[in-house]
Amino acid sequence: MNHKMFIDTLSEKLGCSAEETQENVDVLISLFNENLKEGNQINISSFGLFDVQMKKEQIIVDPTTKKKMLVPPKLEVKFNGK
């Protein structure tokens, strides 16, 4: 299912226009992004848990130049479905 099909199906089930449904989906995704950037978990019952974890810094080697590089730590979103 692509994005357009998802919006069309959701708008039919909700009885809203596709534009209203798209706006609501955009707000939902925006709220998800804000909370995940703050490090909060998002738990949707009967669906799963979105959790933010800190990925450690790594030293990697560039295969072409053989140079070592430091990859800084970063936040990573994990999903655990139920």
# chains A, B, ... in the order shown; residues from 1 in each chain; ligands from 1
$ residues_around --residues "Met5 (chain A)" --least-positions-apart "6" --cutoff "12 Å" --atoms "only C-alpha atoms" --output "PyMOL selection string"
chain A and resi 11-12+18+21-22
$ residues_around --residues "region 32-47 of chain A" --least-positions-apart "4" --cutoff "12 Å" --atoms "only C-alpha atoms" --output "short mmCIF file (atom, residue, chain, number, x, y, z; two decimals) with C-alpha atoms, in the first residue's frame"
data_model
loop_
_atom_site.label_atom_id
_atom_site.label_comp_id
_atom_site.auth_asym_id
_atom_site.auth_seq_id
_atom_site.Cartn_x
_atom_site.Cartn_y
_atom_site.Cartn_z
CA VAL A 25 -1.76 12.29 9.36
CA ASP A 26 0.76 15.14 9.07
CA VAL A 27 -0.09 16.33 12.60
CA LEU A 28 0.24 12.78 13.94
CA ASP A 51 11.64 3.73 21.50
CA VAL A 52 14.67 6.00 21.10
CA GLN A 53 18.08 4.56 21.94
CA MET A 54 21.53 6.10 21.85
CA LYS A 74 23.46 9.22 17.50
CA LEU A 75 19.85 8.61 18.42
CA GLU A 76 18.14 5.67 16.74
CA VAL A 77 14.44 4.80 16.71
CA LYS A 78 13.59 1.17 17.40
CA PHE A 79 10.17 -0.40 16.88
CA ASN A 80 9.00 -3.40 18.87
CA GLY A 81 5.74 -4.74 17.40
CA LYS A 82 3.23 -6.60 19.52
#
$ select_by_dssp --residues "chain A" --states "strand (DSSP E or B)" --output "PyMOL selection string"
chain A and resi 42-44+48-55+58-61+68-71+74-81
$ select_by_dssp --residues "chain A" --states "alpha helix (DSSP H)" --output "PyMOL selection string"
chain A and resi 3-14+18-37
$ atom_distance --atom1 "CA of His3 (chain A)" --atom2 "CA of Cys16 (chain A)"
16.4 Å
$ atom_distance --atom1 "CA of Gly15 (chain A)" --atom2 "CA of Leu49 (chain A)"
28.1 Å
$ atom_distance --atom1 "CA of Lys56 (chain A)" --atom2 "CA of Val71 (chain A)"
8.7 Å
$ decode --residues "region 14-57 of chain A" --atoms "N, CA and C atoms" --output "PDB file, in the first residue's frame"
ATOM      1  N   LEU A  14     -12.935   7.080   7.768  1.00  0.00           N
ATOM      2  CA  LEU A  14     -13.240   8.159   8.702  1.00  0.00           C
ATOM      3  C   LEU A  14     -14.392   9.040   8.229  1.00  0.00           C
ATOM      4  N   GLY A  15     -14.721   8.953   6.940  1.00  0.00           N
ATOM      5  CA  GLY A  15     -15.772   9.806   6.396  1.00  0.00           C
ATOM      6  C   GLY A  15     -15.322  11.241   6.230  1.00  0.00           C
ATOM      7  N   CYS A  16     -14.033  11.448   6.013  1.00  0.00           N
ATOM      8  CA  CYS A  16     -13.462  12.790   5.815  1.00  0.00           C
ATOM      9  C   CYS A  16     -12.940  12.900   4.393  1.00  0.00           C
ATOM     10  N   SER A  17     -12.615  14.112   4.013  1.00  0.00           N
ATOM     11  CA  SER A  17     -11.987  14.307   2.707  1.00  0.00           C
ATOM     12  C   SER A  17     -10.530  13.856   2.788  1.00  0.00           C
ATOM     13  N   ALA A  18      -9.948  13.603   1.647  1.00  0.00           N
ATOM     14  CA  ALA A  18      -8.550  13.187   1.599  1.00  0.00           C
ATOM     15  C   ALA A  18      -7.637  14.293   2.128  1.00  0.00           C
ATOM     16  N   GLU A  19      -8.006  15.554   1.892  1.00  0.00           N
ATOM     17  CA  GLU A  19      -7.197  16.678   2.362  1.00  0.00           C
ATOM     18  C   GLU A  19      -7.193  16.749   3.885  1.00  0.00           C
ATOM     19  N   GLU A  20      -8.377  16.592   4.495  1.00  0.00           N
ATOM     20  CA  GLU A  20      -8.468  16.592   5.959  1.00  0.00           C
ATOM     21  C   GLU A  20      -7.695  15.425   6.547  1.00  0.00           C
ATOM     22  N   THR A  21      -7.808  14.277   5.938  1.00  0.00           N
ATOM     23  CA  THR A  21      -7.100  13.097   6.410  1.00  0.00           C
ATOM     24  C   THR A  21      -5.598  13.305   6.309  1.00  0.00           C
ATOM     25  N   GLN A  22      -5.131  13.892   5.203  1.00  0.00           N
ATOM     26  CA  GLN A  22      -3.705  14.165   5.034  1.00  0.00           C
ATOM     27  C   GLN A  22      -3.209  15.122   6.110  1.00  0.00           C
ATOM     28  N   GLU A  23      -3.989  16.154   6.419  1.00  0.00           N
ATOM     29  CA  GLU A  23      -3.613  17.099   7.469  1.00  0.00           C
ATOM     30  C   GLU A  23      -3.500  16.393   8.814  1.00  0.00           C
ATOM     31  N   ASN A  24      -4.456  15.520   9.126  1.00  0.00           N
ATOM     32  CA  ASN A  24      -4.439  14.788  10.391  1.00  0.00           C
ATOM     33  C   ASN A  24      -3.239  13.848  10.475  1.00  0.00           C
ATOM     34  N   VAL A  25      -2.918  13.182   9.390  1.00  0.00           N
ATOM     35  CA  VAL A  25      -1.757  12.287   9.362  1.00  0.00           C
ATOM     36  C   VAL A  25      -0.483  13.103   9.544  1.00  0.00           C
ATOM     37  N   ASP A  26      -0.401  14.274   8.909  1.00  0.00           N
ATOM     38  CA  ASP A  26       0.764  15.140   9.067  1.00  0.00           C
ATOM     39  C   ASP A  26       0.944  15.580  10.513  1.00  0.00           C
ATOM     40  N   VAL A  27      -0.152  15.929  11.185  1.00  0.00           N
ATOM     41  CA  VAL A  27      -0.089  16.328  12.597  1.00  0.00           C
ATOM     42  C   VAL A  27       0.380  15.154  13.452  1.00  0.00           C
ATOM     43  N   LEU A  28      -0.151  13.973  13.188  1.00  0.00           N
ATOM     44  CA  LEU A  28       0.239  12.779  13.943  1.00  0.00           C
ATOM     45  C   LEU A  28       1.733  12.493  13.789  1.00  0.00           C
ATOM     46  N   ILE A  29       2.232  12.545  12.581  1.00  0.00           N
ATOM     47  CA  ILE A  29       3.650  12.284  12.326  1.00  0.00           C
ATOM     48  C   ILE A  29       4.511  13.369  12.982  1.00  0.00           C
ATOM     49  N   SER A  30       4.047  14.606  12.947  1.00  0.00           N
ATOM     50  CA  SER A  30       4.768  15.702  13.586  1.00  0.00           C
ATOM     51  C   SER A  30       4.872  15.474  15.094  1.00  0.00           C
ATOM     52  N   LEU A  31       3.775  15.050  15.712  1.00  0.00           N
ATOM     53  CA  LEU A  31       3.796  14.759  17.147  1.00  0.00           C
ATOM     54  C   LEU A  31       4.741  13.603  17.463  1.00  0.00           C
ATOM     55  N   PHE A  32       4.720  12.567  16.632  1.00  0.00           N
ATOM     56  CA  PHE A  32       5.650  11.446  16.798  1.00  0.00           C
ATOM     57  C   PHE A  32       7.086  11.960  16.759  1.00  0.00           C
ATOM     58  N   ASN A  33       7.416  12.759  15.733  1.00  0.00           N
ATOM     59  CA  ASN A  33       8.776  13.270  15.577  1.00  0.00           C
ATOM     60  C   ASN A  33       9.212  14.098  16.780  1.00  0.00           C
ATOM     61  N   GLU A  34       8.348  14.990  17.249  1.00  0.00           N
ATOM     62  CA  GLU A  34       8.680  15.836  18.392  1.00  0.00           C
ATOM     63  C   GLU A  34       8.986  15.002  19.619  1.00  0.00           C
ATOM     64  N   ASN A  35       8.124  14.025  19.905  1.00  0.00           N
ATOM     65  CA  ASN A  35       8.309  13.205  21.094  1.00  0.00           C
ATOM     66  C   ASN A  35       9.539  12.318  20.986  1.00  0.00           C
ATOM     67  N   LEU A  36       9.792  11.753  19.815  1.00  0.00           N
ATOM     68  CA  LEU A  36      10.967  10.904  19.653  1.00  0.00           C
ATOM     69  C   LEU A  36      12.257  11.718  19.755  1.00  0.00           C
ATOM     70  N   LYS A  37      12.253  12.958  19.239  1.00  0.00           N
ATOM     71  CA  LYS A  37      13.436  13.816  19.350  1.00  0.00           C
ATOM     72  C   LYS A  37      13.730  14.171  20.797  1.00  0.00           C
ATOM     73  N   GLU A  38      12.691  14.247  21.625  1.00  0.00           N
ATOM     74  CA  GLU A  38      12.863  14.529  23.051  1.00  0.00           C
ATOM     75  C   GLU A  38      13.283  13.282  23.827  1.00  0.00           C
ATOM     76  N   GLY A  39      13.291  12.133  23.165  1.00  0.00           N
ATOM     77  CA  GLY A  39      13.705  10.889  23.814  1.00  0.00           C
ATOM     78  C   GLY A  39      12.559  10.133  24.464  1.00  0.00           C
ATOM     79  N   ASN A  40      11.332  10.513  24.192  1.00  0.00           N
ATOM     80  CA  ASN A  40      10.165   9.851  24.772  1.00  0.00           C
ATOM     81  C   ASN A  40       9.790   8.600  23.982  1.00  0.00           C
ATOM     82  N   GLN A  41       9.245   7.628  24.687  1.00  0.00           N
ATOM     83  CA  GLN A  41       8.703   6.434  24.031  1.00  0.00           C
ATOM     84  C   GLN A  41       7.290   6.730  23.565  1.00  0.00           C
ATOM     85  N   ILE A  42       6.875   6.035  22.508  1.00  0.00           N
ATOM     86  CA  ILE A  42       5.493   6.117  22.050  1.00  0.00           C
ATOM     87  C   ILE A  42       4.959   4.693  22.031  1.00  0.00           C
ATOM     88  N   ASN A  43       3.980   4.432  22.889  1.00  0.00           N
ATOM     89  CA  ASN A  43       3.405   3.100  23.004  1.00  0.00           C
ATOM     90  C   ASN A  43       1.978   3.138  22.474  1.00  0.00           C
ATOM     91  N   ILE A  44       1.723   2.400  21.409  1.00  0.00           N
ATOM     92  CA  ILE A  44       0.384   2.315  20.834  1.00  0.00           C
ATOM     93  C   ILE A  44      -0.133   0.912  21.129  1.00  0.00           C
ATOM     94  N   SER A  45      -1.131   0.842  21.987  1.00  0.00           N
ATOM     95  CA  SER A  45      -1.628  -0.469  22.400  1.00  0.00           C
ATOM     96  C   SER A  45      -2.129  -1.257  21.198  1.00  0.00           C
ATOM     97  N   SER A  46      -1.916  -2.541  21.224  1.00  0.00           N
ATOM     98  CA  SER A  46      -2.270  -3.482  20.161  1.00  0.00           C
ATOM     99  C   SER A  46      -1.491  -3.242  18.874  1.00  0.00           C
ATOM    100  N   PHE A  47      -0.441  -2.410  18.932  1.00  0.00           N
ATOM    101  CA  PHE A  47       0.379  -2.180  17.746  1.00  0.00           C
ATOM    102  C   PHE A  47       1.854  -2.361  18.063  1.00  0.00           C
ATOM    103  N   GLY A  48       2.376  -1.542  18.962  1.00  0.00           N
ATOM    104  CA  GLY A  48       3.781  -1.681  19.311  1.00  0.00           C
ATOM    105  C   GLY A  48       4.340  -0.456  20.003  1.00  0.00           C
ATOM    106  N   LEU A  49       5.652  -0.508  20.232  1.00  0.00           N
ATOM    107  CA  LEU A  49       6.353   0.519  20.975  1.00  0.00           C
ATOM    108  C   LEU A  49       7.466   1.117  20.120  1.00  0.00           C
ATOM    109  N   PHE A  50       7.465   2.444  20.015  1.00  0.00           N
ATOM    110  CA  PHE A  50       8.559   3.160  19.371  1.00  0.00           C
ATOM    111  C   PHE A  50       9.448   3.684  20.496  1.00  0.00           C
ATOM    112  N   ASP A  51      10.725   3.360  20.439  1.00  0.00           N
ATOM    113  CA  ASP A  51      11.644   3.730  21.500  1.00  0.00           C
ATOM    114  C   ASP A  51      12.899   4.346  20.886  1.00  0.00           C
ATOM    115  N   VAL A  52      13.456   5.344  21.568  1.00  0.00           N
ATOM    116  CA  VAL A  52      14.672   6.001  21.099  1.00  0.00           C
ATOM    117  C   VAL A  52      15.841   5.477  21.935  1.00  0.00           C
ATOM    118  N   GLN A  53      16.896   5.048  21.250  1.00  0.00           N
ATOM    119  CA  GLN A  53      18.082   4.556  21.936  1.00  0.00           C
ATOM    120  C   GLN A  53      19.305   5.279  21.392  1.00  0.00           C
ATOM    121  N   MET A  54      20.290   5.465  22.263  1.00  0.00           N
ATOM    122  CA  MET A  54      21.533   6.099  21.847  1.00  0.00           C
ATOM    123  C   MET A  54      22.451   5.022  21.274  1.00  0.00           C
ATOM    124  N   LYS A  55      22.878   5.234  20.051  1.00  0.00           N
ATOM    125  CA  LYS A  55      23.823   4.327  19.402  1.00  0.00           C
ATOM    126  C   LYS A  55      25.225   4.826  19.734  1.00  0.00           C
ATOM    127  N   LYS A  56      26.095   3.937  20.189  1.00  0.00           N
ATOM    128  CA  LYS A  56      27.437   4.323  20.615  1.00  0.00           C
ATOM    129  C   LYS A  56      28.270   4.812  19.440  1.00  0.00           C
ATOM    130  N   GLU A  57      29.303   5.602  19.780  1.00  0.00           N
ATOM    131  CA  GLU A  57      30.232   6.026  18.738  1.00  0.00           C
ATOM    132  C   GLU A  57      31.050   4.829  18.273  1.00  0.00           C
TER     133      GLU A  57
END
